[in-house]
Amino acid sequence: LLFISSNNNISHGSFSSSVCAIDYFEGFDSSGIIPDEWVSSDGGSMARITSSNSCGVTSEAIYLPKNLNFTSPYFDISQCDNMSISYFFREGWNTTGGCMGGSYGGLEPADGDDLFVEYSTDSGTTWITVNQHLGADANSGDPANNDFVKVSEILTLNPGTSDIVFRFRASNNNWSDVWLIDNFSLLSSFSNQDLTLNGNLLSLSDDSTPVNLN
């Protein structure tokens, strides 16, 4: 960084404070292979990545049937105030053939066959619900249940939280009641800090090492 002091001298320096910098995207277009650090609750047997190139927003997607879940990698949020999460989802209606695969086909989740989008900041001991998408609710914005719906949310984070992990969880009663999830992304913002000039000392409110502009 370049600084101009009160006597018009130009100097350079840097601040030692860390910032929150998360810019993450996963499209699940991985030839049926679960991406690194994502975890399927049944090891990928049924909660898996679809093997067809026509299932997701662009290609493949998460295939989530009966009472299974998919968990994301952990993200360091120790310097974050908030972050945005976005994803696409759809009910498994009218998605037979190569998209659903296997012998179960694909049906529309019925009442009570909900999709939960959750996060944990204590390594999965407790989970907080971001969204609960209801089965047979015609997916707001998608009356025919034939297309993906994009969802975006802003999460406010508690100070001092070290990391966060996300989970997509199905509460379906049958193997044939399926949810599809695609294009998961996270974008963070860093903590706000005050910039103070005291004489020739420039400092940030959360930084213990000011820059001397002399």
# chains A, B, ... in the order shown; residues from 1 in each chain; ligands from 1
>>> residues_around(residues="Met46 in chain A", least_positions_apart="4", cutoff="8 Å", atoms="only C-alpha atoms", output="list in words")
Asp42, Tyr63, Leu64 and Pro65 of chain A
>>> closest_residue(among="A:Phe75, A:Phe184, A:Phe148, A:Phe88", to="Pro35 in chain A", atoms="only C-alpha atoms")
A:Phe184
>>> residues_around(residues="Ser86 in chain A", least_positions_apart="4", cutoff="6 Å", atoms="only C-alpha atoms", output="ChimeraX atom specification")
/A:151-152,184-185
>>> write_last_selection(atoms="N, CA, C and O atoms", output="PDB file, in the first residue's frame")
ATOM      1  N   VAL A 151     -31.669 -20.380  -5.343  1.00  0.00           N
ATOM      2  CA  VAL A 151     -31.925 -19.794  -4.022  1.00  0.00           C
ATOM      3  C   VAL A 151     -30.656 -19.103  -3.539  1.00  0.00           C
ATOM      4  O   VAL A 151     -29.558 -19.662  -3.656  1.00  0.00           O
ATOM      5  N   SER A 152     -30.801 -17.891  -3.013  1.00  0.00           N
ATOM      6  CA  SER A 152     -29.669 -17.148  -2.452  1.00  0.00           C
ATOM      7  C   SER A 152     -30.049 -16.628  -1.078  1.00  0.00           C
ATOM      8  O   SER A 152     -31.160 -16.130  -0.883  1.00  0.00           O
ATOM      9  N   PHE A 184     -23.518 -25.053  -6.155  1.00  0.00           N
ATOM     10  CA  PHE A 184     -23.399 -24.505  -4.801  1.00  0.00           C
ATOM     11  C   PHE A 184     -22.280 -23.473  -4.772  1.00  0.00           C
ATOM     12  O   PHE A 184     -21.171 -23.717  -5.271  1.00  0.00           O
ATOM     13  N   SER A 185     -22.543 -22.303  -4.184  1.00  0.00           N
ATOM     14  CA  SER A 185     -21.500 -21.277  -4.106  1.00  0.00           C
ATOM     15  C   SER A 185     -21.570 -20.518  -2.791  1.00  0.00           C
ATOM     16  O   SER A 185     -22.638 -20.384  -2.181  1.00  0.00           O
TER      17      SER A 185
END
>>> closest_atom_pairs(of="range 48-93 of chain A", to="range 111-118 of chain A", cutoff="12 Å", atoms="only C-alpha atoms", output="JSON lines")
{"residue": "A:Tyr63", "atom": "CA", "partner": "A:Leu115", "partner_atom": "CA", "distance": 11.8}
{"residue": "A:Leu64", "atom": "CA", "partner": "A:Leu115", "partner_atom": "CA", "distance": 9.0}
{"residue": "A:Pro65", "atom": "CA", "partner": "A:Asp113", "partner_atom": "CA", "distance": 9.6}
{"residue": "A:Lys66", "atom": "CA", "partner": "A:Asp113", "partner_atom": "CA", "distance": 8.5}
{"residue": "A:Asn67", "atom": "CA", "partner": "A:Asp113", "partner_atom": "CA", "distance": 8.9}
{"residue": "A:Leu68", "atom": "CA", "partner": "A:Leu115", "partner_atom": "CA", "distance": 10.1}
{"residue": "A:Asn69", "atom": "CA", "partner": "A:Phe116", "partner_atom": "CA", "distance": 9.2}
{"residue": "A:Phe70", "atom": "CA", "partner": "A:Val117", "partner_atom": "CA", "distance": 9.9}
{"residue": "A:Thr71", "atom": "CA", "partner": "A:Glu118", "partner_atom": "CA", "distance": 9.4}
{"residue": "A:Ser72", "atom": "CA", "partner": "A:Glu118", "partner_atom": "CA", "distance": 10.4}
{"residue": "A:Ile85", "atom": "CA", "partner": "A:Val117", "partner_atom": "CA", "distance": 10.5}
{"residue": "A:Ser86", "atom": "CA", "partner": "A:Val117", "partner_atom": "CA", "distance": 10.7}
{"residue": "A:Tyr87", "atom": "CA", "partner": "A:Val117", "partner_atom": "CA", "distance": 9.8}
{"residue": "A:Phe88", "atom": "CA", "partner": "A:Val117", "partner_atom": "CA", "distance": 11.3}
{"residue": "A:Phe89", "atom": "CA", "partner": "A:Leu115", "partner_atom": "CA", "distance": 9.1}
{"residue": "A:Arg90", "atom": "CA", "partner": "A:Leu115", "partner_atom": "CA", "distance": 9.7}
{"residue": "A:Glu91", "atom": "CA", "partner": "A:Leu115", "partner_atom": "CA", "distance": 9.1}
{"residue": "A:Gly92", "atom": "CA", "partner": "A:Asp113", "partner_atom": "CA", "distance": 11.2}
>>> residues_around(residues="Ile62 in chain A", least_positions_apart="3", cutoff="6 Å", atoms="only C-alpha atoms", output="list in words")
Arg48, Ile49, Leu180 and Ile181 of chain A
>>> residues_around(residues="Tyr74 in chain A", least_positions_apart="6", cutoff="8 Å", atoms="only C-alpha atoms", output="list of chain:residue names")
A:Asp163, A:Ile164, A:Val165, A:Phe166
>>> atom_distance(atom1="CA of Cys80 in chain A", atom2="CA of Cys20 in chain A")
5.0 Å
>>> closest_residue(among="A:Ile77, A:Ile34, A:Val39, A:Ala110", to="Val178 in chain A", atoms="only C-alpha atoms")
A:Ala110
>>> atom_distance(atom1="CA of Val149 in chain A", atom2="CA of Asp182 in chain A")
9.8 Å
>>> atom_distance(atom1="CA of Ile22 in chain A", atom2="CA of Asp76 in chain A")
8.2 Å
